[in-house]
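> Provided below: run19.pdb, containing PDB, C-alpha atoms and all ligand atoms.
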```pdb
ATOM      1  CA  MET Y   1     -57.173  18.772 -66.915
ATOM      2  CA  LEU Y   2     -55.429  17.714 -63.693
ATOM      3  CA  THR Y   3     -51.639  17.567 -63.452
ATOM      4  CA  LEU Y   4     -49.611  16.210 -60.553
ATOM      5  CA  SER Y   5     -45.867  16.924 -60.740
ATOM      6  CA  GLY Y   6     -43.366  15.554 -58.271
ATOM      7  CA  VAL Y   7     -46.054  15.044 -55.633
ATOM      8  CA  GLY Y   8     -44.886  13.488 -52.383
ATOM      9  CA  LYS Y   9     -46.363  12.968 -48.951
ATOM     10  CA  ARG Y  10     -44.615  12.162 -45.714
ATOM     11  CA  TYR Y  11     -46.955  11.926 -42.719
ATOM     12  CA  PRO Y  12     -45.815  13.459 -39.417
ATOM     13  CA  THR Y  13     -45.330   9.884 -38.155
ATOM     14  CA  GLY Y  14     -42.501   9.562 -40.679
ATOM     15  CA  ASP Y  15     -44.449   7.263 -43.044
ATOM     16  CA  ARG Y  16     -43.680   8.125 -46.661
ATOM     17  CA  ALA Y  17     -47.000   7.519 -48.437
ATOM     18  CA  LEU Y  18     -46.220   9.051 -51.863
ATOM     19  CA  ASN Y  19     -43.028   9.690 -53.767
ATOM     20  CA  GLU Y  20     -42.451  11.705 -56.966
ATOM     21  CA  ILE Y  21     -45.931  11.174 -58.427
ATOM     22  CA  GLU Y  22     -46.265  12.374 -62.025
ATOM     23  CA  VAL Y  23     -49.764  12.073 -63.533
ATOM     24  CA  THR Y  24     -51.781  14.070 -66.031
ATOM     25  CA  LEU Y  25     -55.481  13.344 -66.243
ATOM     26  CA  PRO Y  26     -57.136  14.770 -69.355
ATOM     27  CA  LYS Y  27     -60.761  15.894 -69.341
ATOM     28  CA  GLY Y  28     -63.208  13.036 -69.689
ATOM     29  CA  GLN Y  29     -60.722  10.312 -68.772
ATOM     30  CA  VAL Y  30     -61.656   7.683 -66.187
ATOM     31  CA  MET Y  31     -58.525   6.550 -64.372
ATOM     32  CA  ALA Y  32     -58.518   3.630 -61.952
ATOM     33  CA  LEU Y  33     -55.953   3.730 -59.193
ATOM     34  CA  ILE Y  34     -55.013   0.246 -58.028
ATOM     35  CA  GLY Y  35     -52.447  -1.155 -55.641
ATOM     36  CA  PRO Y  36     -52.107  -3.107 -52.417
ATOM     37  CA  SER Y  37     -53.254  -1.841 -49.052
ATOM     38  CA  GLY Y  38     -51.025   0.964 -47.866
ATOM     39  CA  ALA Y  39     -49.741   1.764 -51.387
ATOM     40  CA  GLY Y  40     -50.934   5.370 -51.074
ATOM     41  CA  LYS Y  41     -54.144   5.390 -53.142
ATOM     42  CA  SER Y  42     -56.311   7.226 -50.604
ATOM     43  CA  THR Y  43     -53.471   9.596 -49.802
ATOM     44  CA  LEU Y  44     -53.120  10.487 -53.482
ATOM     45  CA  ILE Y  45     -56.849  11.178 -53.919
ATOM     46  CA  ARG Y  46     -56.903  13.238 -50.730
ATOM     47  CA  CYS Y  47     -53.841  15.240 -51.726
ATOM     48  CA  VAL Y  48     -55.728  16.392 -54.823
ATOM     49  CA  ASN Y  49     -58.544  17.992 -52.821
ATOM     50  CA  ARG Y  50     -56.150  18.862 -49.991
ATOM     51  CA  LEU Y  51     -57.882  16.789 -47.325
ATOM     52  CA  VAL Y  52     -54.283  15.638 -46.953
ATOM     53  CA  GLU Y  53     -51.487  18.201 -47.428
ATOM     54  CA  PRO Y  54     -48.863  17.060 -49.919
ATOM     55  CA  THR Y  55     -45.350  17.684 -48.622
ATOM     56  CA  GLU Y  56     -43.751  18.040 -52.068
ATOM     57  CA  GLY Y  57     -44.740  18.898 -55.607
ATOM     58  CA  ASN Y  58     -47.450  20.725 -57.505
ATOM     59  CA  ILE Y  59     -51.058  19.901 -58.354
ATOM     60  CA  ARG Y  60     -52.833  21.939 -61.027
ATOM     61  CA  LEU Y  61     -56.501  21.755 -61.976
ATOM     62  CA  ASP Y  62     -56.871  23.652 -65.252
ATOM     63  CA  ASP Y  63     -55.070  26.903 -64.509
ATOM     64  CA  VAL Y  64     -55.309  26.743 -60.694
ATOM     65  CA  GLU Y  65     -52.338  25.634 -58.588
ATOM     66  CA  LEU Y  66     -54.081  23.776 -55.767
ATOM     67  CA  THR Y  67     -51.174  23.327 -53.369
ATOM     68  CA  SER Y  68     -50.816  27.027 -52.590
ATOM     69  CA  LEU Y  69     -54.518  27.748 -51.932
ATOM     70  CA  SER Y  70     -56.023  28.542 -48.555
ATOM     71  CA  GLY Y  71     -59.237  29.912 -47.075
ATOM     72  CA  HIS Y  72     -61.961  30.967 -49.498
ATOM     73  CA  LYS Y  73     -59.937  30.065 -52.601
ATOM     74  CA  LEU Y  74     -59.340  26.532 -51.307
ATOM     75  CA  ARG Y  75     -63.044  26.072 -50.540
ATOM     76  CA  GLN Y  76     -63.873  27.337 -54.017
ATOM     77  CA  ALA Y  77     -61.405  24.895 -55.601
ATOM     78  CA  ARG Y  78     -62.763  22.007 -53.538
ATOM     79  CA  ARG Y  79     -66.221  22.665 -54.950
ATOM     80  CA  SER Y  80     -64.845  21.922 -58.382
ATOM     81  CA  MET Y  81     -63.925  18.398 -57.268
ATOM     82  CA  GLY Y  82     -66.801  16.044 -56.494
ATOM     83  CA  MET Y  83     -65.954  13.348 -53.977
ATOM     84  CA  ILE Y  84     -67.696   9.971 -53.879
ATOM     85  CA  PHE Y  85     -67.003   7.820 -50.823
ATOM     86  CA  GLN Y  86     -66.988   4.129 -50.019
ATOM     87  CA  GLU Y  87     -69.399   4.530 -47.113
ATOM     88  CA  TYR Y  88     -71.529   7.046 -49.030
ATOM     89  CA  ALA Y  89     -71.280   9.695 -46.251
ATOM     90  CA  LEU Y  90     -75.018  10.442 -46.312
ATOM     91  CA  VAL Y  91     -77.017  11.973 -43.482
ATOM     92  CA  ASP Y  92     -79.291   9.072 -42.540
ATOM     93  CA  ARG Y  93     -82.179  11.081 -41.105
ATOM     94  CA  LEU Y  94     -82.420  13.355 -44.148
ATOM     95  CA  SER Y  95     -84.309  12.568 -47.331
ATOM     96  CA  VAL Y  96     -82.674  11.581 -50.589
ATOM     97  CA  MET Y  97     -83.409  15.042 -52.027
ATOM     98  CA  GLU Y  98     -81.932  16.824 -48.995
ATOM     99  CA  ASN Y  99     -78.807  14.696 -49.168
ATOM    100  CA  VAL Y 100     -78.328  15.557 -52.824
ATOM    101  CA  LEU Y 101     -78.952  19.246 -52.156
ATOM    102  CA  SER Y 102     -76.229  19.187 -49.512
ATOM    103  CA  GLY Y 103     -73.896  19.053 -52.521
ATOM    104  CA  ARG Y 104     -74.718  22.760 -52.894
ATOM    105  CA  LEU Y 105     -73.710  23.601 -49.320
ATOM    106  CA  GLY Y 106     -70.551  25.294 -50.450
ATOM    107  CA  TYR Y 107     -72.592  27.529 -52.762
ATOM    108  CA  VAL Y 108     -75.460  28.806 -50.604
ATOM    109  CA  GLY Y 109     -74.988  30.977 -47.538
ATOM    110  CA  PHE Y 110     -74.892  29.493 -44.040
ATOM    111  CA  TRP Y 111     -78.424  30.508 -42.994
ATOM    112  CA  ARG Y 112     -79.950  29.371 -46.238
ATOM    113  CA  SER Y 113     -78.360  25.948 -45.927
ATOM    114  CA  PHE Y 114     -79.154  25.788 -42.197
ATOM    115  CA  LEU Y 115     -82.806  26.455 -42.958
ATOM    116  CA  ARG Y 116     -82.492  24.144 -45.956
ATOM    117  CA  ARG Y 117     -83.720  26.825 -48.346
ATOM    118  CA  TYR Y 118     -82.061  25.996 -51.591
ATOM    119  CA  PRO Y 119     -82.626  27.976 -54.782
ATOM    120  CA  GLN Y 120     -85.295  26.566 -57.074
ATOM    121  CA  THR Y 121     -82.712  26.017 -59.806
ATOM    122  CA  ALA Y 122     -80.703  23.768 -57.467
ATOM    123  CA  VAL Y 123     -83.828  21.774 -56.567
ATOM    124  CA  ALA Y 124     -84.696  21.349 -60.254
ATOM    125  CA  GLU Y 125     -81.144  20.215 -61.059
ATOM    126  CA  ALA Y 126     -81.146  17.805 -58.085
ATOM    127  CA  PHE Y 127     -84.387  16.330 -59.403
ATOM    128  CA  ARG Y 128     -82.867  15.906 -62.890
ATOM    129  CA  LEU Y 129     -79.815  14.214 -61.409
ATOM    130  CA  LEU Y 130     -81.912  11.881 -59.285
ATOM    131  CA  GLU Y 131     -83.840  10.933 -62.386
ATOM    132  CA  ARG Y 132     -80.566  10.306 -64.231
ATOM    133  CA  VAL Y 133     -79.232   8.011 -61.507
ATOM    134  CA  GLY Y 134     -82.544   6.125 -61.373
ATOM    135  CA  LEU Y 135     -83.889   7.425 -58.068
ATOM    136  CA  ALA Y 136     -86.712   9.754 -59.114
ATOM    137  CA  HIS Y 137     -89.174   7.497 -57.290
ATOM    138  CA  ALA Y 138     -87.275   7.777 -54.008
ATOM    139  CA  ILE Y 139     -86.710  11.512 -53.508
ATOM    140  CA  ASP Y 140     -88.689  11.673 -50.257
ATOM    141  CA  LYS Y 141     -87.294   8.500 -48.736
ATOM    142  CA  ARG Y 142     -84.948   8.775 -45.793
ATOM    143  CA  ALA Y 143     -81.384   7.874 -46.674
ATOM    144  CA  ASP Y 144     -81.331   5.080 -44.107
ATOM    145  CA  ALA Y 145     -84.210   3.345 -45.919
ATOM    146  CA  LEU Y 146     -82.096   2.785 -49.044
ATOM    147  CA  SER Y 147     -79.999  -0.147 -50.206
ATOM    148  CA  GLY Y 148     -76.230   0.237 -50.551
ATOM    149  CA  GLY Y 149     -76.454   0.683 -54.316
ATOM    150  CA  GLN Y 150     -79.171   3.333 -53.950
ATOM    151  CA  ARG Y 151     -77.112   5.132 -51.312
ATOM    152  CA  GLN Y 152     -74.162   5.247 -53.673
ATOM    153  CA  ARG Y 153     -76.424   6.667 -56.409
ATOM    154  CA  VAL Y 154     -77.387   9.452 -53.994
ATOM    155  CA  GLY Y 155     -73.678  10.038 -53.331
ATOM    156  CA  ILE Y 156     -73.049  10.303 -57.060
ATOM    157  CA  ALA Y 157     -75.936  12.733 -57.607
ATOM    158  CA  ARG Y 158     -74.719  14.842 -54.672
ATOM    159  CA  ALA Y 159     -71.206  15.031 -56.101
ATOM    160  CA  LEU Y 160     -72.557  16.040 -59.517
ATOM    161  CA  LEU Y 161     -74.769  18.764 -58.095
ATOM    162  CA  GLN Y 162     -71.558  20.627 -57.288
ATOM    163  CA  SER Y 163     -70.977  20.879 -61.072
ATOM    164  CA  PRO Y 164     -67.477  19.529 -60.563
ATOM    165  CA  LYS Y 165     -64.634  19.573 -63.089
ATOM    166  CA  LEU Y 166     -63.319  16.344 -61.681
ATOM    167  CA  LEU Y 167     -64.565  13.355 -59.683
ATOM    168  CA  LEU Y 168     -62.491  11.824 -56.885
ATOM    169  CA  VAL Y 169     -63.901   8.423 -56.079
ATOM    170  CA  ASP Y 170     -62.723   6.400 -53.096
ATOM    171  CA  GLU Y 171     -63.560   2.678 -53.282
ATOM    172  CA  PRO Y 172     -67.112   3.217 -54.559
ATOM    173  CA  THR Y 173     -67.981  -0.473 -54.675
ATOM    174  CA  ALA Y 174     -66.270  -1.785 -51.541
ATOM    175  CA  SER Y 175     -69.560  -2.448 -49.737
ATOM    176  CA  LEU Y 176     -71.609  -3.577 -52.736
ATOM    177  CA  ASP Y 177     -72.446  -6.948 -54.287
ATOM    178  CA  PRO Y 178     -70.851  -7.817 -57.660
ATOM    179  CA  LYS Y 179     -73.843  -6.868 -59.817
ATOM    180  CA  THR Y 180     -74.504  -3.570 -58.047
ATOM    181  CA  SER Y 181     -70.772  -2.809 -58.200
ATOM    182  CA  ARG Y 182     -70.833  -3.119 -61.977
ATOM    183  CA  GLN Y 183     -73.952  -0.969 -62.227
ATOM    184  CA  ILE Y 184     -72.319   1.748 -60.127
ATOM    185  CA  MET Y 185     -69.081   1.660 -62.126
ATOM    186  CA  ARG Y 186     -71.038   1.752 -65.389
ATOM    187  CA  LEU Y 187     -73.047   4.735 -64.138
ATOM    188  CA  ILE Y 188     -69.911   6.649 -63.116
ATOM    189  CA  ARG Y 189     -68.349   5.920 -66.487
ATOM    190  CA  GLU Y 190     -71.439   7.033 -68.427
ATOM    191  CA  LEU Y 191     -71.763  10.236 -66.408
ATOM    192  CA  CYS Y 192     -68.100  11.087 -66.995
ATOM    193  CA  ALA Y 193     -68.604  10.612 -70.736
ATOM    194  CA  GLU Y 194     -71.808  12.683 -70.777
ATOM    195  CA  ARG Y 195     -70.192  15.565 -68.878
ATOM    196  CA  ASP Y 196     -66.624  15.283 -70.168
ATOM    197  CA  LEU Y 197     -65.544  14.771 -66.572
ATOM    198  CA  GLY Y 198     -62.253  13.279 -65.522
ATOM    199  CA  ALA Y 199     -62.303  10.801 -62.628
ATOM    200  CA  ILE Y 200     -59.759   9.138 -60.380
ATOM    201  CA  ILE Y 201     -61.240   5.992 -58.908
ATOM    202  CA  ASN Y 202     -59.428   4.251 -56.077
ATOM    203  CA  ILE Y 203     -60.500   0.634 -56.429
ATOM    204  CA  HIS Y 204     -59.363  -2.770 -55.165
ATOM    205  CA  ASP Y 205     -61.303  -4.825 -57.689
ATOM    206  CA  VAL Y 206     -58.933  -5.152 -60.638
ATOM    207  CA  ALA Y 207     -61.505  -6.841 -62.883
ATOM    208  CA  LEU Y 208     -63.882  -3.876 -62.428
ATOM    209  CA  ALA Y 209     -61.043  -1.425 -63.029
ATOM    210  CA  LYS Y 210     -60.140  -3.189 -66.272
ATOM    211  CA  GLN Y 211     -63.728  -3.252 -67.443
ATOM    212  CA  PHE Y 212     -64.714   0.328 -66.739
ATOM    213  CA  ALA Y 213     -61.590   2.523 -66.740
ATOM    214  CA  ASP Y 214     -59.856   4.129 -69.740
ATOM    215  CA  ARG Y 215     -56.536   3.981 -67.951
ATOM    216  CA  ILE Y 216     -55.031   2.186 -65.001
ATOM    217  CA  VAL Y 217     -52.372   3.515 -62.686
ATOM    218  CA  GLY Y 218     -50.747   0.999 -60.337
ATOM    219  CA  LEU Y 219     -49.203   2.243 -57.107
ATOM    220  CA  ARG Y 220     -46.801   0.296 -54.971
ATOM    221  CA  ALA Y 221     -45.203   1.687 -51.809
ATOM    222  CA  GLY Y 222     -46.097   5.228 -52.844
ATOM    223  CA  GLU Y 223     -44.658   5.037 -56.364
ATOM    224  CA  ILE Y 224     -46.285   4.590 -59.743
ATOM    225  CA  VAL Y 225     -45.168   1.222 -61.088
ATOM    226  CA  PHE Y 226     -47.673   0.977 -63.956
ATOM    227  CA  ASP Y 227     -49.524   3.525 -66.062
ATOM    228  CA  GLY Y 228     -51.303   2.216 -69.116
ATOM    229  CA  GLN Y 229     -54.343   0.797 -70.854
ATOM    230  CA  PRO Y 230     -56.481  -1.836 -69.135
ATOM    231  CA  SER Y 231     -55.489  -4.308 -71.864
ATOM    232  CA  GLU Y 232     -51.813  -3.914 -70.894
ATOM    233  CA  LEU Y 233     -52.410  -5.091 -67.351
ATOM    234  CA  THR Y 234     -50.872  -8.552 -67.628
ATOM    235  CA  ALA Y 235     -50.203 -11.090 -64.896
ATOM    236  CA  ASP Y 236     -46.556  -9.941 -64.800
ATOM    237  CA  ILE Y 237     -47.630  -6.361 -64.222
ATOM    238  CA  LEU Y 238     -50.056  -7.433 -61.502
ATOM    239  CA  THR Y 239     -47.111  -9.139 -59.835
ATOM    240  CA  THR Y 240     -45.118  -5.916 -60.082
ATOM    241  CA  ILE Y 241     -47.961  -4.026 -58.430
ATOM    242  CA  TYR Y 242     -49.138  -6.524 -55.832
ATOM    243  CA  GLY Y 243     -46.290  -9.002 -55.492
ATOM    244  CA  GLU Y 244     -46.073 -12.681 -56.315
ATOM    245  CA  GLU Y 245     -49.401 -14.485 -56.883
ATOM    246  CA  GLU Y 246     -50.714 -16.988 -59.398
ATOM    247  CA  TRP Y 247     -52.806 -14.587 -61.436
ATOM    248  CA  ASP Y 248     -53.613 -16.995 -64.293
ATOM    249  CA  THR Y 249     -55.214 -19.903 -62.577
ATOM    250  CA  THR Y 250     -57.536 -22.654 -63.660
ATOM    251  CA  PRO Y 251     -60.750 -22.473 -61.683
ATOM    252  CA  GLU Y 252     -61.894 -25.454 -59.656
ATOM    253  CA  PRO Y 253     -64.562 -27.561 -61.432
ATOM    254  CA  LEU Y 254     -68.051 -26.579 -60.329
ATOM    255  CA  GLU Y 255     -68.970 -30.155 -59.487
ATOM    256  CA  SER Y 256     -66.952 -33.125 -58.339
ATOM    257  CA  ASP Y 257     -64.953 -34.756 -61.120
ATOM    258  CA  GLU Y 258     -66.929 -37.927 -60.604
ATOM    259  CA  GLN Y 259     -70.280 -36.188 -61.222
ATOM    260  CA  ASN Y 260     -68.816 -34.362 -64.170
ATOM    261  CA  ALA Y 261     -67.472 -37.505 -65.800
ATOM    262  CA  THR Y 262     -70.870 -39.178 -65.775
ATOM    263  CA  ARG Y 263     -72.476 -36.333 -67.794
ATOM    264  CA  PRO Y 264     -72.653 -36.307 -71.594
ATOM    265  CA  ALA Y 265     -69.399 -34.910 -73.056
ATOM    266  CA  SER Y 266     -71.159 -31.792 -74.366
ATOM    267  CA  LYS Y 267     -72.332 -30.886 -70.850
ATOM    268  CA  ARG Y 268     -69.087 -31.487 -68.950
ATOM    269  CA  THR Y 269     -67.527 -28.546 -67.168
ATOM    270  CA  GLN Y 270     -64.625 -27.192 -69.211
ATOM    271  CA  ALA Y 271     -61.497 -25.901 -67.542
ATOM    272  CA  SER Y 272     -60.429 -22.614 -69.043
ATOM    273  CA  ASN Y 273     -57.662 -20.130 -68.438
ATOM    274  CA  VAL Y 274     -59.587 -17.236 -67.066
ATOM    275  CA  VAL Y 275     -57.892 -14.676 -64.909
ATOM    276  CA  THR Y 276     -59.239 -15.087 -61.419
ATOM    277  CA  HIS Y 277     -58.106 -13.804 -58.049
ATOM    278  CA  MET Y 278     -58.064 -10.380 -59.653
ATOM    279  CA  ALA Y 279     -60.277  -8.836 -57.063
ATOM    280  CA  THR Y 280     -57.762  -9.385 -54.293
ATOM    281  CA  GLY Y 281     -56.488  -6.274 -52.635
ATOM    282  CA  GLY Y 282     -52.988  -7.421 -51.838
ATOM    283  CA  ALA Y 283     -50.274  -9.937 -52.347
ATOM    284  CA  SER Y 284     -51.101 -12.023 -49.323
TER     285      SER Y 284
HETATM  286  N1  LIG W 301     -53.103   9.813 -41.170
HETATM  287  C1  LIG W 301     -51.998   9.069 -41.361
HETATM  288  N2  LIG W 301     -50.954   9.198 -40.527
HETATM  289  C2  LIG W 301     -49.820   8.469 -40.719
HETATM  290  N3  LIG W 301     -49.660   7.588 -41.717
HETATM  291  C3  LIG W 301     -50.679   7.418 -42.570
HETATM  292  C4  LIG W 301     -51.904   8.149 -42.438
HETATM  293  N4  LIG W 301     -52.742   7.773 -43.450
HETATM  294  C5  LIG W 301     -52.056   6.858 -44.165
HETATM  295  N5  LIG W 301     -50.831   6.644 -43.639
HETATM  296  C6  LIG W 301     -49.802   5.739 -44.166
HETATM  297  O1  LIG W 301     -49.558   6.090 -45.514
HETATM  298  C7  LIG W 301     -49.417   4.926 -46.313
HETATM  299  C8  LIG W 301     -50.442   4.949 -47.439
HETATM  300  O2  LIG W 301     -51.762   4.827 -46.894
HETATM  301  P1  LIG W 301     -53.078   4.960 -47.784
HETATM  302  O3  LIG W 301     -54.243   4.867 -46.834
HETATM  303  O4  LIG W 301     -52.975   6.140 -48.651
HETATM  304  O5  LIG W 301     -52.972   3.637 -48.673
HETATM  305  P2  LIG W 301     -54.097   2.940 -49.565
HETATM  306  O6  LIG W 301     -53.399   2.443 -50.768
HETATM  307  O7  LIG W 301     -55.251   3.842 -49.756
HETATM  308  O8  LIG W 301     -54.515   1.718 -48.636
HETATM  309  P3  LIG W 301     -55.960   0.959 -48.555
HETATM  310  O9  LIG W 301     -56.133   0.298 -49.879
HETATM  311  O10 LIG W 301     -55.763  -0.023 -47.438
HETATM  312  O11 LIG W 301     -56.986   1.986 -48.253
HETATM  313  C9  LIG W 301     -49.521   3.741 -45.381
HETATM  314  O12 LIG W 301     -48.229   3.356 -44.990
HETATM  315  C10 LIG W 301     -50.289   4.291 -44.211
HETATM  316  O13 LIG W 301     -49.953   3.623 -43.027
END
```
Would you kindly transcribe this structure into structure tokens?

Amino acid sequence: MLTLSGVGKRYPTGDRALNEIEVTLPKGQVMALIGPSGAGKSTLIRCVNRLVEPTEGNIRLDDVELTSLSGHKLRQARRSMGMIFQEYALVDRLSVMENVLSGRLGYVGFWRSFLRRYPQTAVAEAFRLLERVGLAHAIDKRADALSGGQRQRVGIARALLQSPKLLLVDEPTASLDPKTSRQIMRLIRELCAERDLGAIINIHDVALAKQFADRIVGLRAGEIVFDGQPSELTADILTTIYGEEEWDTTPEPLESDEQNATRPASKRTQASNVVTHMATGGAS
């Protein structure tokens, strides 16, 4: 379980990115973090693994207070948090298997990792994970020969090879097409359920967040302005998070009205009140 109490961050430039953040993430819960650009989503995720130093508050992962750690203890704690990135952060010239094994870098000694001699158990586990994410056929391929969706699957397998207690996921679908985005979100969700892993997913696509998260936290100007179930995320709440926008809009007809009118009534395009514009990242 992860608990953030009174967490704040002021950058040296004077920008206040987070203010009085209170969040508890139980084991196995998938939490989507939404909010406009600059709301503090990346800062919050990075405060948890201390890539960014929080300036106030406490962050506990199980019984470890993360904010006071340094050196070896900090490295050890970071291993218990798997990070999945928007741009995958793979080494292009290395194979899929080698990229996944790099998830063990914090575990094996320097010379062993330099010579890429990983223990057989790690190789076997990497193979199992690659099978699970649907890439068993591609273990020898170079990372730069993969599609975006495949690269993200490698990123997911690499994060899991660390045997993390928690996943920190930063815009995992930002560079992917809509179908691949759903597949990746579904995979993350399934893996969290299988391993009882909590996840914080920073995501701009509200429709994806609603579909695949157990809980949604909305940030605005560094403060939590919504924390609830996906079903509670109404147009009014989206306005609170992102600012004024017509969230419930009627989509344009697919064809011109004239064409539509000449079709049999049963085949005419029907206007319906579906929530669109939900994938926008900001109020503008
Ligand atoms: N390294 C930094 N130095 C100074 N200010 C920063 C730094 N990183 C972020 N900020 C500021 O902190 C605030 C929050 O930024 P952050 O990147 O966390 O927002 P975000 O919600 O992740 O935005 P986006 O969705 O665009 O990635 C912004 O005002 C930003 O300008």
> Run the PyMOL selection byres (((chain Y and resi 25-42) around 9) and not hetatm) on the file and write out the hits as a tab-separated table (two decimals) with C-alpha atoms, in the coordinates of the input.

```tsv
chain	number	residue	atom	x	y	z
Y	1	MET	CA	-57.17	18.77	-66.92
Y	2	LEU	CA	-55.43	17.71	-63.69
Y	3	THR	CA	-51.64	17.57	-63.45
Y	4	LEU	CA	-49.61	16.21	-60.55
Y	16	ARG	CA	-43.68	8.12	-46.66
Y	17	ALA	CA	-47.00	7.52	-48.44
Y	18	LEU	CA	-46.22	9.05	-51.86
Y	23	VAL	CA	-49.76	12.07	-63.53
Y	24	THR	CA	-51.78	14.07	-66.03
Y	43	THR	CA	-53.47	9.60	-49.80
Y	44	LEU	CA	-53.12	10.49	-53.48
Y	45	ILE	CA	-56.85	11.18	-53.92
Y	46	ARG	CA	-56.90	13.24	-50.73
Y	47	CYS	CA	-53.84	15.24	-51.73
Y	165	LYS	CA	-64.63	19.57	-63.09
Y	166	LEU	CA	-63.32	16.34	-61.68
Y	170	ASP	CA	-62.72	6.40	-53.10
Y	171	GLU	CA	-63.56	2.68	-53.28
Y	188	ILE	CA	-69.91	6.65	-63.12
Y	189	ARG	CA	-68.35	5.92	-66.49
Y	192	CYS	CA	-68.10	11.09	-67.00
Y	193	ALA	CA	-68.60	10.61	-70.74
Y	194	GLU	CA	-71.81	12.68	-70.78
Y	195	ARG	CA	-70.19	15.56	-68.88
Y	196	ASP	CA	-66.62	15.28	-70.17
Y	197	LEU	CA	-65.54	14.77	-66.57
Y	198	GLY	CA	-62.25	13.28	-65.52
Y	199	ALA	CA	-62.30	10.80	-62.63
Y	200	ILE	CA	-59.76	9.14	-60.38
Y	201	ILE	CA	-61.24	5.99	-58.91
Y	202	ASN	CA	-59.43	4.25	-56.08
Y	203	ILE	CA	-60.50	0.63	-56.43
Y	204	HIS	CA	-59.36	-2.77	-55.16
Y	205	ASP	CA	-61.30	-4.82	-57.69
Y	206	VAL	CA	-58.93	-5.15	-60.64
Y	209	ALA	CA	-61.04	-1.42	-63.03
Y	210	LYS	CA	-60.14	-3.19	-66.27
Y	212	PHE	CA	-64.71	0.33	-66.74
Y	213	ALA	CA	-61.59	2.52	-66.74
Y	214	ASP	CA	-59.86	4.13	-69.74
Y	215	ARG	CA	-56.54	3.98	-67.95
Y	216	ILE	CA	-55.03	2.19	-65.00
Y	217	VAL	CA	-52.37	3.52	-62.69
Y	218	GLY	CA	-50.75	1.00	-60.34
Y	219	LEU	CA	-49.20	2.24	-57.11
Y	220	ARG	CA	-46.80	0.30	-54.97
Y	221	ALA	CA	-45.20	1.69	-51.81
Y	222	GLY	CA	-46.10	5.23	-52.84
Y	223	GLU	CA	-44.66	5.04	-56.36
Y	238	LEU	CA	-50.06	-7.43	-61.50
Y	241	ILE	CA	-47.96	-4.03	-58.43
Y	242	TYR	CA	-49.14	-6.52	-55.83
Y	243	GLY	CA	-46.29	-9.00	-55.49
Y	280	THR	CA	-57.76	-9.38	-54.29
Y	281	GLY	CA	-56.49	-6.27	-52.64
Y	282	GLY	CA	-52.99	-7.42	-51.84
Y	283	ALA	CA	-50.27	-9.94	-52.35
```
> Apply the PyMOL selection byres (((chain Y and resi 155) around 9) and not hetatm) to the structure shown and report the selected residues as an NGL selection string.
:Y and (83-85 or 88-90 or 99-100 or 150-154 or 156-160)
> Measure the distance from atom CA of Y:Arg79 to atom CA of Y:Gly103 in Å and round it to one decimal.
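Those two atoms sit 8.8 Å apart.
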> Between Y:Ala174, Y:Ala77, Y:Leu129, Y:Leu208, which is the closest to ligand LIG 301 (chain W) once you count only C-alpha atoms and all ligand atoms?
Y:Ala174
> With only C-alpha atoms and all ligand atoms as the atoms that count, which of Y:Leu191, Y:Ile224, Y:Asp63, Y:Ile139 lies nearest to ligand LIG 301 (chain W)?
Y:Ile224
> Which residue gives the smallest distance to Y:Ser175 among Y:Arg142, Y:Glu20, Y:Glu87, Y:His137, with only C-alpha atoms counted?
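Going through Y:Arg142, Y:Glu20, Y:Glu87, Y:His137 one by one, the smallest distance to Y:Ser175 is for Y:Glu87.
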> So, with only C-alpha atoms and all ligand atoms as the atoms that count, which of Y:Glu22, Y:Glu232, Y:Glu53, Y:Glu244 lies closest to ligand LIG 301 (chain W)?
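Selected residue with least distance to ligand LIG 301 (chain W): Y:Glu53.
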> Check the smallest atom-to-atom distance from each of Y:Thr121, Y:Ser5, Y:Thr13, Y:Gln183 to ligand LIG 301 (chain W) using all atoms listed in the file, then report the winner.
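Checking each of Y:Thr121, Y:Ser5, Y:Thr13, Y:Gln183 against ligand LIG 301 (chain W), counting all atoms listed in the file, the winner is Y:Thr13.
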> Can you measure atom CA of Y:Leu94 to atom CA of Y:Val169 for me? One decimal in Å is fine.
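Answer for the atom CA of Y:Leu94 to atom CA of Y:Val169 separation: 22.6 Å.
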> Tell me which of Y:Pro172, Y:Pro230, Y:Gly82, Y:Gly57 sits closest to ligand LIG 301 (chain W), counting all atoms listed in the file.
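Going through Y:Pro172, Y:Pro230, Y:Gly82, Y:Gly57 one by one, the smallest distance to ligand LIG 301 (chain W) is for Y:Pro172.
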> At what distance in Å, to one decimal, does atom CA of Y:Met185 lie from atom CA of Y:Phe127?
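According to the coordinates, atom CA of Y:Phe127 and atom CA of Y:Met185 are separated by 21.4 Å.
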> Could you expand the PyMOL selection byres (((chain Y and resi 58) around 10) and not hetatm) into the explicit residues it covers here, written as a PyMOL selection string?
chain Y and resi 3-8+21-22+48+54-57+59-60+65-68
> Take the selection from the previous step and output its residues with C-alpha atoms, as a tab-separated table (two decimals), in the coordinates of the input.

```
chain	number	residue	atom	x	y	z
Y	3	THR	CA	-51.64	17.57	-63.45
Y	4	LEU	CA	-49.61	16.21	-60.55
Y	5	SER	CA	-45.87	16.92	-60.74
Y	6	GLY	CA	-43.37	15.55	-58.27
Y	7	VAL	CA	-46.05	15.04	-55.63
Y	8	GLY	CA	-44.89	13.49	-52.38
Y	21	ILE	CA	-45.93	11.17	-58.43
Y	22	GLU	CA	-46.26	12.37	-62.02
Y	48	VAL	CA	-55.73	16.39	-54.82
Y	54	PRO	CA	-48.86	17.06	-49.92
Y	55	THR	CA	-45.35	17.68	-48.62
Y	56	GLU	CA	-43.75	18.04	-52.07
Y	57	GLY	CA	-44.74	18.90	-55.61
Y	59	ILE	CA	-51.06	19.90	-58.35
Y	60	ARG	CA	-52.83	21.94	-61.03
Y	65	GLU	CA	-52.34	25.63	-58.59
Y	66	LEU	CA	-54.08	23.78	-55.77
Y	67	THR	CA	-51.17	23.33	-53.37
Y	68	SER	CA	-50.82	27.03	-52.59
```
